[in-house]
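Okay, final-v1.pdb now, which holds PDB, C-alpha atoms, pLDDT in the B column:
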ATOM      1  CA  MET A   1    -190.570  92.000-143.352  1.00 44.00           C
ATOM      2  CA  GLN A   2    -188.342  92.586-140.326  1.00 47.00           C
ATOM      3  CA  PRO A   3    -188.034  90.296-137.285  1.00 50.00           C
ATOM      4  CA  ARG A   4    -189.199  91.661-133.938  1.00 80.00           C
ATOM      5  CA  PHE A   5    -186.401  92.019-131.352  1.00 77.00           C
ATOM      6  CA  GLU A   6    -186.445  92.003-127.558  1.00 89.00           C
ATOM      7  CA  GLU A   7    -183.372  92.615-125.417  1.00 91.00           C
ATOM      8  CA  ILE A   8    -183.888  90.429-122.348  1.00 94.00           C
ATOM      9  CA  ASP A   9    -180.728  91.356-120.453  1.00 95.00           C
ATOM     10  CA  TYR A  10    -177.554  93.382-120.865  1.00 94.00           C
ATOM     11  CA  GLN A  11    -174.506  93.151-118.598  1.00 94.00           C
ATOM     12  CA  GLN A  12    -170.969  94.471-118.586  1.00 93.00           C
ATOM     13  CA  THR A  13    -168.300  91.797-118.053  1.00 90.00           C
ATOM     14  CA  PRO A  14    -164.461  91.716-118.060  1.00 87.00           C
ATOM     15  CA  LEU A  15    -164.712  90.677-121.729  1.00 84.00           C
ATOM     16  CA  GLY A  16    -167.113  93.486-122.649  1.00 87.00           C
ATOM     17  CA  GLU A  17    -170.864  93.768-122.961  1.00 93.00           C
ATOM     18  CA  VAL A  18    -172.876  90.547-123.055  1.00 94.00           C
ATOM     19  CA  ILE A  19    -176.454  90.612-124.301  1.00 95.00           C
ATOM     20  CA  LEU A  20    -179.282  88.094-124.232  1.00 96.00           C
ATOM     21  CA  ARG A  21    -181.922  88.817-126.817  1.00 94.00           C
ATOM     22  CA  ARG A  22    -184.928  87.145-128.353  1.00 93.00           C
ATOM     23  CA  ARG A  23    -186.362  87.751-131.773  1.00 88.00           C
ATOM     24  CA  THR A  24    -189.332  86.445-133.690  1.00 87.00           C
ATOM     25  CA  MET A  25    -188.339  85.404-137.185  1.00 79.00           C
ATOM     26  CA  GLN A  26    -191.441  86.200-139.202  1.00 76.00           C
ATOM     27  CA  THR A  27    -189.788  84.829-142.362  1.00 75.00           C
ATOM     28  CA  LEU A  28    -189.509  81.441-140.579  1.00 72.00           C
ATOM     29  CA  GLY A  29    -193.123  81.182-139.480  1.00 74.00           C
ATOM     30  CA  ASP A  30    -192.710  83.379-136.377  1.00 79.00           C
ATOM     31  CA  LYS A  31    -189.982  81.130-135.024  1.00 83.00           C
ATOM     32  CA  GLU A  32    -188.690  82.339-131.653  1.00 90.00           C
ATOM     33  CA  VAL A  33    -184.899  82.580-131.581  1.00 91.00           C
ATOM     34  CA  TYR A  34    -182.646  83.282-128.580  1.00 94.00           C
ATOM     35  CA  GLU A  35    -179.206  84.805-129.132  1.00 94.00           C
ATOM     36  CA  ILE A  36    -176.217  85.580-126.921  1.00 95.00           C
ATOM     37  CA  MET A  37    -173.937  88.380-128.088  1.00 91.00           C
ATOM     38  CA  LEU A  38    -170.515  89.363-126.769  1.00 88.00           C
ATOM     39  CA  GLY A  39    -170.108  92.837-128.151  1.00 85.00           C
ATOM     40  CA  SER A  40    -170.606  92.339-131.886  1.00 81.00           C
ATOM     41  CA  ASP A  41    -169.710  88.618-131.761  1.00 81.00           C
ATOM     42  CA  PHE A  42    -172.423  85.961-131.857  1.00 83.00           C
ATOM     43  CA  LEU A  43    -171.689  83.477-129.078  1.00 85.00           C
ATOM     44  CA  MET A  44    -174.774  81.307-129.566  1.00 90.00           C
ATOM     45  CA  SER A  45    -178.103  81.182-131.382  1.00 90.00           C
ATOM     46  CA  SER A  46    -180.930  78.729-130.772  1.00 91.00           C
ATOM     47  CA  LEU A  47    -181.389  78.726-134.549  1.00 88.00           C
ATOM     48  CA  PHE A  48    -178.169  76.708-134.929  1.00 87.00           C
ATOM     49  CA  THR A  49    -177.746  73.935-132.364  1.00 92.00           C
ATOM     50  CA  VAL A  50    -177.008  70.826-134.452  1.00 92.00           C
ATOM     51  CA  VAL A  51    -173.226  70.921-134.105  1.00 93.00           C
ATOM     52  CA  GLU A  52    -173.298  71.857-130.402  1.00 95.00           C
ATOM     53  CA  GLU A  53    -175.494  68.789-129.873  1.00 96.00           C
ATOM     54  CA  ALA A  54    -173.185  66.665-132.057  1.00 97.00           C
ATOM     55  CA  LEU A  55    -170.267  67.705-129.841  1.00 98.00           C
ATOM     56  CA  SER A  56    -171.896  65.875-126.928  1.00 98.00           C
ATOM     57  CA  THR A  57    -173.195  62.972-128.997  1.00 98.00           C
ATOM     58  CA  LEU A  58    -169.826  62.225-130.610  1.00 98.00           C
ATOM     59  CA  GLY A  59    -167.695  62.976-127.562  1.00 98.00           C
ATOM     60  CA  ILE A  60    -169.748  60.882-125.173  1.00 98.00           C
ATOM     61  CA  ALA A  61    -170.066  58.001-127.650  1.00 98.00           C
ATOM     62  CA  ALA A  62    -166.260  57.749-127.704  1.00 98.00           C
ATOM     63  CA  THR A  63    -166.146  58.005-123.914  1.00 98.00           C
ATOM     64  CA  GLU A  64    -168.760  55.280-123.420  1.00 98.00           C
ATOM     65  CA  LYS A  65    -166.727  53.023-125.698  1.00 97.00           C
ATOM     66  CA  ASN A  66    -163.594  53.577-123.602  1.00 98.00           C
ATOM     67  CA  PHE A  67    -165.385  53.327-120.223  1.00 98.00           C
ATOM     68  CA  PRO A  68    -168.209  50.816-120.812  1.00 96.00           C
ATOM     69  CA  ASN A  69    -169.139  50.317-117.149  1.00 90.00           C
ATOM     70  CA  ALA A  70    -168.480  53.765-115.702  1.00 95.00           C
ATOM     71  CA  GLN A  71    -170.635  56.595-114.480  1.00 97.00           C
ATOM     72  CA  LEU A  72    -168.958  59.369-116.390  1.00 98.00           C
ATOM     73  CA  ASP A  73    -167.556  62.630-115.082  1.00 98.00           C
ATOM     74  CA  VAL A  74    -167.887  65.104-117.954  1.00 98.00           C
ATOM     75  CA  VAL A  75    -166.792  68.735-118.293  1.00 98.00           C
ATOM     76  CA  VAL A  76    -168.355  71.158-120.756  1.00 98.00           C
ATOM     77  CA  GLY A  77    -166.359  74.295-121.456  1.00 97.00           C
ATOM     78  CA  GLY A  78    -168.781  77.052-122.420  1.00 96.00           C
ATOM     79  CA  LEU A  79    -172.425  77.119-121.334  1.00 97.00           C
ATOM     80  CA  GLY A  80    -174.012  79.314-124.017  1.00 95.00           C
ATOM     81  CA  LEU A  81    -177.684  78.422-124.357  1.00 96.00           C
ATOM     82  CA  GLY A  82    -177.042  74.986-122.872  1.00 97.00           C
ATOM     83  CA  TYR A  83    -177.511  72.648-125.837  1.00 97.00           C
ATOM     84  CA  THR A  84    -174.212  70.784-125.398  1.00 97.00           C
ATOM     85  CA  ALA A  85    -174.998  70.276-121.703  1.00 98.00           C
ATOM     86  CA  LYS A  86    -178.564  69.195-122.438  1.00 98.00           C
ATOM     87  CA  VAL A  87    -177.510  66.433-124.820  1.00 98.00           C
ATOM     88  CA  ALA A  88    -174.816  65.262-122.397  1.00 98.00           C
ATOM     89  CA  LEU A  89    -177.441  64.869-119.674  1.00 98.00           C
ATOM     90  CA  GLU A  90    -179.612  62.790-121.990  1.00 97.00           C
ATOM     91  CA  HIS A  91    -177.025  60.024-121.538  1.00 97.00           C
ATOM     92  CA  ASN A  92    -177.744  57.936-118.445  1.00 96.00           C
ATOM     93  CA  THR A  93    -174.047  57.072-118.363  1.00 98.00           C
ATOM     94  CA  VAL A  94    -173.245  60.665-117.338  1.00 98.00           C
ATOM     95  CA  GLY A  95    -173.129  60.688-113.565  1.00 97.00           C
ATOM     96  CA  ARG A  96    -171.844  64.233-113.130  1.00 97.00           C
ATOM     97  CA  LEU A  97    -171.662  67.184-115.505  1.00 98.00           C
ATOM     98  CA  THR A  98    -169.559  70.261-114.727  1.00 97.00           C
ATOM     99  CA  VAL A  99    -170.141  73.288-116.952  1.00 98.00           C
ATOM    100  CA  VAL A 100    -167.446  75.972-116.782  1.00 97.00           C
ATOM    101  CA  ASP A 101    -168.238  79.450-118.084  1.00 96.00           C
ATOM    102  CA  TYR A 102    -166.310  82.694-117.728  1.00 94.00           C
ATOM    103  CA  LEU A 103    -169.410  84.883-117.996  1.00 94.00           C
ATOM    104  CA  GLN A 104    -171.416  85.016-114.775  1.00 95.00           C
ATOM    105  CA  PRO A 105    -174.447  86.596-116.517  1.00 96.00           C
ATOM    106  CA  VAL A 106    -174.774  83.525-118.771  1.00 97.00           C
ATOM    107  CA  ILE A 107    -174.896  81.262-115.715  1.00 97.00           C
ATOM    108  CA  ASP A 108    -177.394  83.625-114.058  1.00 97.00           C
ATOM    109  CA  TRP A 109    -179.689  83.567-117.117  1.00 97.00           C
ATOM    110  CA  HIS A 110    -179.980  79.804-116.751  1.00 98.00           C
ATOM    111  CA  LYS A 111    -180.567  79.983-113.014  1.00 97.00           C
ATOM    112  CA  ARG A 112    -183.249  82.647-113.506  1.00 96.00           C
ATOM    113  CA  GLY A 113    -184.973  80.680-116.258  1.00 96.00           C
ATOM    114  CA  LEU A 114    -184.472  83.421-118.841  1.00 96.00           C
ATOM    115  CA  VAL A 115    -183.313  80.950-121.512  1.00 96.00           C
ATOM    116  CA  PRO A 116    -185.320  77.968-122.777  1.00 95.00           C
ATOM    117  CA  LEU A 117    -183.123  75.220-121.243  1.00 97.00           C
ATOM    118  CA  GLY A 118    -182.377  76.990-117.967  1.00 96.00           C
ATOM    119  CA  ASN A 119    -184.899  75.215-115.771  1.00 96.00           C
ATOM    120  CA  GLU A 120    -184.086  71.834-117.302  1.00 97.00           C
ATOM    121  CA  LEU A 121    -180.366  72.145-116.609  1.00 98.00           C
ATOM    122  CA  THR A 122    -180.655  73.651-113.151  1.00 97.00           C
ATOM    123  CA  GLY A 123    -183.262  71.025-112.227  1.00 96.00           C
ATOM    124  CA  ASP A 124    -180.907  68.123-112.997  1.00 97.00           C
ATOM    125  CA  LYS A 125    -178.926  67.225-109.855  1.00 97.00           C
ATOM    126  CA  ARG A 126    -176.082  65.863-111.983  1.00 97.00           C
ATOM    127  CA  CYS A 127    -175.420  69.306-113.482  1.00 97.00           C
ATOM    128  CA  ASN A 128    -173.181  71.844-111.762  1.00 96.00           C
ATOM    129  CA  PHE A 129    -172.236  75.312-113.047  1.00 97.00           C
ATOM    130  CA  GLU A 130    -168.742  76.634-112.319  1.00 96.00           C
ATOM    131  CA  HIS A 131    -167.994  80.313-112.856  1.00 96.00           C
ATOM    132  CA  GLY A 132    -164.401  80.506-114.029  1.00 94.00           C
ATOM    133  CA  ASP A 133    -161.891  80.562-116.859  1.00 94.00           C
ATOM    134  CA  PHE A 134    -161.976  77.184-118.611  1.00 96.00           C
ATOM    135  CA  PHE A 135    -158.503  77.689-120.098  1.00 95.00           C
ATOM    136  CA  ARG A 136    -156.836  78.494-116.771  1.00 93.00           C
ATOM    137  CA  ARG A 137    -158.630  75.599-115.115  1.00 94.00           C
ATOM    138  CA  ALA A 138    -157.606  73.277-117.949  1.00 94.00           C
ATOM    139  CA  ILE A 139    -153.965  73.766-117.004  1.00 89.00           C
ATOM    140  CA  SER A 140    -154.658  74.247-113.253  1.00 81.00           C
ATOM    141  CA  ALA A 141    -152.996  77.652-113.423  1.00 71.00           C
ATOM    142  CA  ASP A 142    -154.593  78.725-110.123  1.00 74.00           C
ATOM    143  CA  GLY A 143    -154.221  75.336-108.439  1.00 75.00           C
ATOM    144  CA  VAL A 144    -157.892  74.677-109.220  1.00 82.00           C
ATOM    145  CA  GLY A 145    -159.072  72.110-111.725  1.00 88.00           C
ATOM    146  CA  PHE A 146    -162.472  71.941-113.320  1.00 91.00           C
ATOM    147  CA  ASP A 147    -164.137  71.027-110.009  1.00 88.00           C
ATOM    148  CA  SER A 148    -163.538  73.825-107.500  1.00 86.00           C
ATOM    149  CA  GLN A 149    -164.528  71.490-104.645  1.00 86.00           C
ATOM    150  CA  ASN A 150    -161.988  68.818-105.632  1.00 86.00           C
ATOM    151  CA  ALA A 151    -158.955  70.024-107.578  1.00 81.00           C
ATOM    152  CA  ASP A 152    -157.678  66.452-108.014  1.00 85.00           C
ATOM    153  CA  ARG A 153    -160.850  65.142-109.621  1.00 90.00           C
ATOM    154  CA  LYS A 154    -160.214  63.277-112.873  1.00 94.00           C
ATOM    155  CA  MET A 155    -162.626  63.530-115.796  1.00 97.00           C
ATOM    156  CA  HIS A 156    -163.656  60.959-118.371  1.00 98.00           C
ATOM    157  CA  ALA A 157    -164.434  63.568-121.043  1.00 98.00           C
ATOM    158  CA  ILE A 158    -163.845  67.249-121.728  1.00 98.00           C
ATOM    159  CA  LEU A 159    -166.160  68.881-124.292  1.00 98.00           C
ATOM    160  CA  LEU A 160    -165.155  72.383-125.404  1.00 98.00           C
ATOM    161  CA  ASP A 161    -167.275  74.994-127.201  1.00 96.00           C
ATOM    162  CA  ILE A 162    -165.909  78.480-126.543  1.00 94.00           C
ATOM    163  CA  ASP A 163    -163.755  79.843-129.381  1.00 92.00           C
ATOM    164  CA  HIS A 164    -164.968  79.973-132.965  1.00 91.00           C
ATOM    165  CA  SER A 165    -162.131  77.604-133.909  1.00 93.00           C
ATOM    166  CA  PRO A 166    -158.545  76.800-132.807  1.00 95.00           C
ATOM    167  CA  SER A 167    -157.327  79.663-134.997  1.00 93.00           C
ATOM    168  CA  HIS A 168    -160.294  82.050-134.698  1.00 91.00           C
ATOM    169  CA  LEU A 169    -160.277  82.940-131.018  1.00 91.00           C
ATOM    170  CA  LEU A 170    -162.519  85.052-128.844  1.00 85.00           C
ATOM    171  CA  ASN A 171    -159.409  86.068-126.910  1.00 86.00           C
ATOM    172  CA  GLU A 172    -155.790  85.705-128.045  1.00 88.00           C
ATOM    173  CA  ARG A 173    -154.718  84.516-124.601  1.00 90.00           C
ATOM    174  CA  HIS A 174    -156.456  81.210-125.411  1.00 94.00           C
ATOM    175  CA  ALA A 175    -153.964  80.481-128.207  1.00 94.00           C
ATOM    176  CA  SER A 176    -151.430  78.500-126.145  1.00 95.00           C
ATOM    177  CA  PHE A 177    -154.125  76.038-125.067  1.00 96.00           C
ATOM    178  CA  TYR A 178    -154.433  74.750-128.643  1.00 97.00           C
ATOM    179  CA  GLU A 179    -150.714  73.992-128.845  1.00 97.00           C
ATOM    180  CA  VAL A 180    -149.074  70.721-127.803  1.00 97.00           C
ATOM    181  CA  GLU A 181    -147.999  71.907-124.360  1.00 96.00           C
ATOM    182  CA  GLY A 182    -151.435  73.261-123.455  1.00 96.00           C
ATOM    183  CA  LEU A 183    -153.261  70.168-124.687  1.00 97.00           C
ATOM    184  CA  ARG A 184    -150.846  67.885-122.837  1.00 97.00           C
ATOM    185  CA  LYS A 185    -151.322  69.859-119.619  1.00 95.00           C
ATOM    186  CA  MET A 186    -155.104  69.515-119.960  1.00 96.00           C
ATOM    187  CA  THR A 187    -154.843  65.730-120.229  1.00 96.00           C
ATOM    188  CA  GLU A 188    -153.493  65.603-116.663  1.00 94.00           C
ATOM    189  CA  GLN A 189    -157.124  66.086-115.618  1.00 94.00           C
ATOM    190  CA  LEU A 190    -158.353  63.161-117.732  1.00 97.00           C
ATOM    191  CA  HIS A 191    -158.499  59.501-116.769  1.00 97.00           C
ATOM    192  CA  PRO A 192    -156.356  57.191-118.918  1.00 97.00           C
ATOM    193  CA  ASN A 193    -158.336  56.566-122.150  1.00 97.00           C
ATOM    194  CA  GLY A 194    -160.162  59.858-121.569  1.00 98.00           C
ATOM    195  CA  VAL A 195    -161.670  61.915-124.382  1.00 98.00           C
ATOM    196  CA  PHE A 196    -161.334  65.533-125.491  1.00 98.00           C
ATOM    197  CA  ALA A 197    -163.877  66.821-128.024  1.00 98.00           C
ATOM    198  CA  LEU A 198    -164.011  70.285-129.564  1.00 98.00           C
ATOM    199  CA  TRP A 199    -166.526  72.280-131.613  1.00 97.00           C
ATOM    200  CA  SER A 200    -165.130  74.443-134.402  1.00 96.00           C
ATOM    201  CA  ASP A 201    -166.940  76.666-136.870  1.00 93.00           C
ATOM    202  CA  ASP A 202    -164.135  76.182-139.413  1.00 94.00           C
ATOM    203  CA  PRO A 203    -163.111  73.171-141.533  1.00 95.00           C
ATOM    204  CA  PRO A 204    -160.595  70.723-140.016  1.00 96.00           C
ATOM    205  CA  GLU A 205    -157.209  72.397-139.532  1.00 96.00           C
ATOM    206  CA  ASP A 206    -154.071  70.396-140.339  1.00 96.00           C
ATOM    207  CA  GLY A 207    -151.927  72.279-137.823  1.00 96.00           C
ATOM    208  CA  PHE A 208    -154.278  71.652-134.942  1.00 97.00           C
ATOM    209  CA  MET A 209    -154.691  68.010-135.981  1.00 97.00           C
ATOM    210  CA  ALA A 210    -150.912  67.629-135.817  1.00 98.00           C
ATOM    211  CA  CYS A 211    -150.895  69.018-132.271  1.00 98.00           C
ATOM    212  CA  LEU A 212    -153.682  66.660-131.218  1.00 98.00           C
ATOM    213  CA  ARG A 213    -151.838  63.668-132.658  1.00 98.00           C
ATOM    214  CA  GLU A 214    -148.761  64.482-130.585  1.00 98.00           C
ATOM    215  CA  VAL A 215    -150.844  64.239-127.415  1.00 98.00           C
ATOM    216  CA  PHE A 216    -153.602  61.709-128.139  1.00 98.00           C
ATOM    217  CA  THR A 217    -153.455  58.168-129.509  1.00 98.00           C
ATOM    218  CA  GLN A 218    -156.508  58.502-131.750  1.00 98.00           C
ATOM    219  CA  VAL A 219    -157.881  61.636-133.405  1.00 98.00           C
ATOM    220  CA  THR A 220    -160.907  61.906-135.691  1.00 97.00           C
ATOM    221  CA  THR A 221    -162.746  64.811-137.275  1.00 97.00           C
ATOM    222  CA  HIS A 222    -166.435  64.946-138.091  1.00 97.00           C
ATOM    223  CA  VAL A 223    -167.733  67.569-140.527  1.00 96.00           C
ATOM    224  CA  VAL A 224    -171.330  68.147-139.439  1.00 92.00           C
ATOM    225  CA  PRO A 225    -173.778  69.772-141.885  1.00 89.00           C
ATOM    226  CA  PHE A 226    -176.753  71.787-140.680  1.00 80.00           C
ATOM    227  CA  GLU A 227    -179.529  73.756-142.284  1.00 76.00           C
ATOM    228  CA  ASN A 228    -178.879  77.486-142.442  1.00 72.00           C
ATOM    229  CA  PRO A 229    -182.179  79.248-143.180  1.00 67.00           C
ATOM    230  CA  ILE A 230    -180.486  82.645-143.110  1.00 66.00           C
ATOM    231  CA  LEU A 231    -178.305  81.711-146.096  1.00 63.00           C
ATOM    232  CA  GLY A 232    -180.907  79.406-147.649  1.00 65.00           C
ATOM    233  CA  ARG A 233    -178.494  76.460-147.807  1.00 70.00           C
ATOM    234  CA  ASN A 234    -176.601  74.011-145.623  1.00 78.00           C
ATOM    235  CA  SER A 235    -173.561  75.109-143.646  1.00 83.00           C
ATOM    236  CA  GLU A 236    -170.893  72.950-141.999  1.00 90.00           C
ATOM    237  CA  SER A 237    -168.906  72.940-138.778  1.00 92.00           C
ATOM    238  CA  THR A 238    -166.389  70.504-137.326  1.00 97.00           C
ATOM    239  CA  VAL A 239    -166.225  68.311-134.242  1.00 98.00           C
ATOM    240  CA  TYR A 240    -162.794  66.992-133.259  1.00 98.00           C
ATOM    241  CA  VAL A 241    -162.695  63.868-131.072  1.00 98.00           C
ATOM    242  CA  ALA A 242    -159.351  62.918-129.487  1.00 98.00           C
ATOM    243  CA  GLU A 243    -158.786  59.849-127.304  1.00 98.00           C
ATOM    244  CA  LEU A 244    -155.853  59.190-124.967  1.00 97.00           C
TER     245      LEU A 244
END
Taking this structure as input, can you express it in the form of structure tokens?
Amino acid sequence: MQPRFEEIDYQQTPLGEVILRRRTMQTLGDKEVYEIMLGSDFLMSSLFTVVEEALSTLGIAATEKNFPNAQLDVVVGGLGLGYTAKVALEHNTVGRLTVVDYLQPVIDWHKRGLVPLGNELTGDKRCNFEHGDFFRRAISADGVGFDSQNADRKMHAILLDIDHSPSHLLNERHASFYEVEGLRKMTEQLHPNGVFALWSDDPPEDGFMACLREVFTQVTTHVVPFENPILGRNSESTVYVAEL
């Protein structure tokens, strides 16, 4: 029994073709699943959101601990289907959320309500979408930080979900970000005691942990299990949480 597919939108971007599609998984009780594809790469599926949500939960928990009385400025790198942003906004401590995404069509899908969380995110006044390159903004390569209206704005937390892992990249030009110099440059946009959290589809990597420990005072990894109905078993991904 084959799932039914619907291609909702298709756009060409500087990174290649990006596709939003919806399919009904008849083997899962006609479950409706949204997927974002970049060429042949899966960027996001609404079937697997546990670790994206854990990225916000774990990252913001560390930030709330370090800034107990603050209204938090939080950056999310990578919009996808919006699950990391959604969970961040569930925290009343988040006063402003900036979501940076390189793919304008992904931002447009949310603004047009073509994805399930689009109206919820665009309807929250704390949430702002920024079209741009997270990695260039992380190091202020163009003189612009994460907030295009205020390049000097400091953040309490940066939550990143773009590459598959620090060693399995969507684009090789991202590689230098995951090294000590790139991470240290990013921290210039964090408040003292700020937090950087990262989603990875791979197990914890010793080399990347070593880089984080050169820049941050405390680094923890969380292996997060989630049900994988496609494989018929649990899978695991990793959330790194690093504190200045």
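Distance check against Glu214 in chain A using all atoms listed in the file: of A:Val180, A:Leu190, A:Ile8, A:Ala242, the minimum falls on A:Val180.
Of the listed residues A:Ile19, A:Cys127, A:Leu72, A:Ile139, the one whose atoms come nearest to Thr187 in chain A is A:Ile139, with distances taken using all atoms listed in the file.
Once the PyMOL selection byres ((chain A and resi 223) around 9) is applied to the depicted file, the selected set reads Pro203, Pro204, Thr221, His222, Val224, Pro225, Glu236, Ser237, Thr238, Val239 and Tyr240 of chain A.
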Exercise on range 78-93 of chain A, axis-aligned box with 8 Å per side, report centre and edge lengths in Å to one decimal, as AutoDock Vina command-line options:
--center_x -174.2 --center_y 68.2 --center_z -122.1 --size_x 26.8 --size_y 38.2 --size_z 23.5
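The residue that comes closest to Glu130 in chain A, out of A:Thr27, A:Glu172, A:Ala157, A:Gly77 and on the basis of only C-alpha atoms, is A:Gly77.
Residue membership of the PyMOL selection byres ((chain A and resi 58-61) around 9) in the shown file amounts to Glu53, Ala54, Leu55, Ser56, Thr57, Ala62, Thr63, Glu64, Lys65, Asn66, Leu72, Val74, Ala88, His91, Thr93, Val94, Ala157, Ile158, Leu159, Val195, Phe196, Ala197, Leu198, His222, Val239, Tyr240, Val241 and Ala242 of chain A.
Every protein or nucleic acid residue with an atom no more than 6 Å from range 78-85 of chain A, counting only C-alpha atoms and leaving out same-chain residues fewer than 5 positions away, appears here: Met44, Glu52, Glu53, Ser56, Val100, Asp101, Asp161 and Ile162 of chain A.
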Output C-alpha atoms for every residue in the selection just made, as a tab-separated table (two decimals), in the frame of the given file.
chain	number	residue	atom	x	y	z
A	44	MET	CA	-174.77	81.31	-129.57
A	52	GLU	CA	-173.30	71.86	-130.40
A	53	GLU	CA	-175.49	68.79	-129.87
A	56	SER	CA	-171.90	65.88	-126.93
A	100	VAL	CA	-167.45	75.97	-116.78
A	101	ASP	CA	-168.24	79.45	-118.08
A	161	ASP	CA	-167.28	74.99	-127.20
A	162	ILE	CA	-165.91	78.48	-126.54
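Computed from the coordinates, the CA of Tyr34 in chain A to CA of Pro166 in chain A distance equals 25.3 Å.
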field: Nearby residues (all atoms listed in the file) at most 12 Å from Pro116 in chain A, same-chain spacing under 4 positions excluded, as an NGL selection string
entry: :A and (20 or 22 or 32-35 or 45-46 or 80-83 or 86 or 109-112 or 120-122)
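Between CA of Leu38 in chain A and CA of Gln149 in chain A there is a distance of 29.1 Å.
Between CA of Phe216 in chain A and CA of Asn193 in chain A there is a distance of 9.2 Å.
Across A:Glu227, A:Asp152, A:Asp41, A:Glu17, the tightest approach to Gln189 in chain A is made by A:Asp152 when counting all atoms listed in the file.
When all atoms listed in the file are used to measure the gap to Tyr178 in chain A, the shortest distance among A:Gly29, A:Asn228, A:Gln104, A:Leu160 belongs to A:Leu160.
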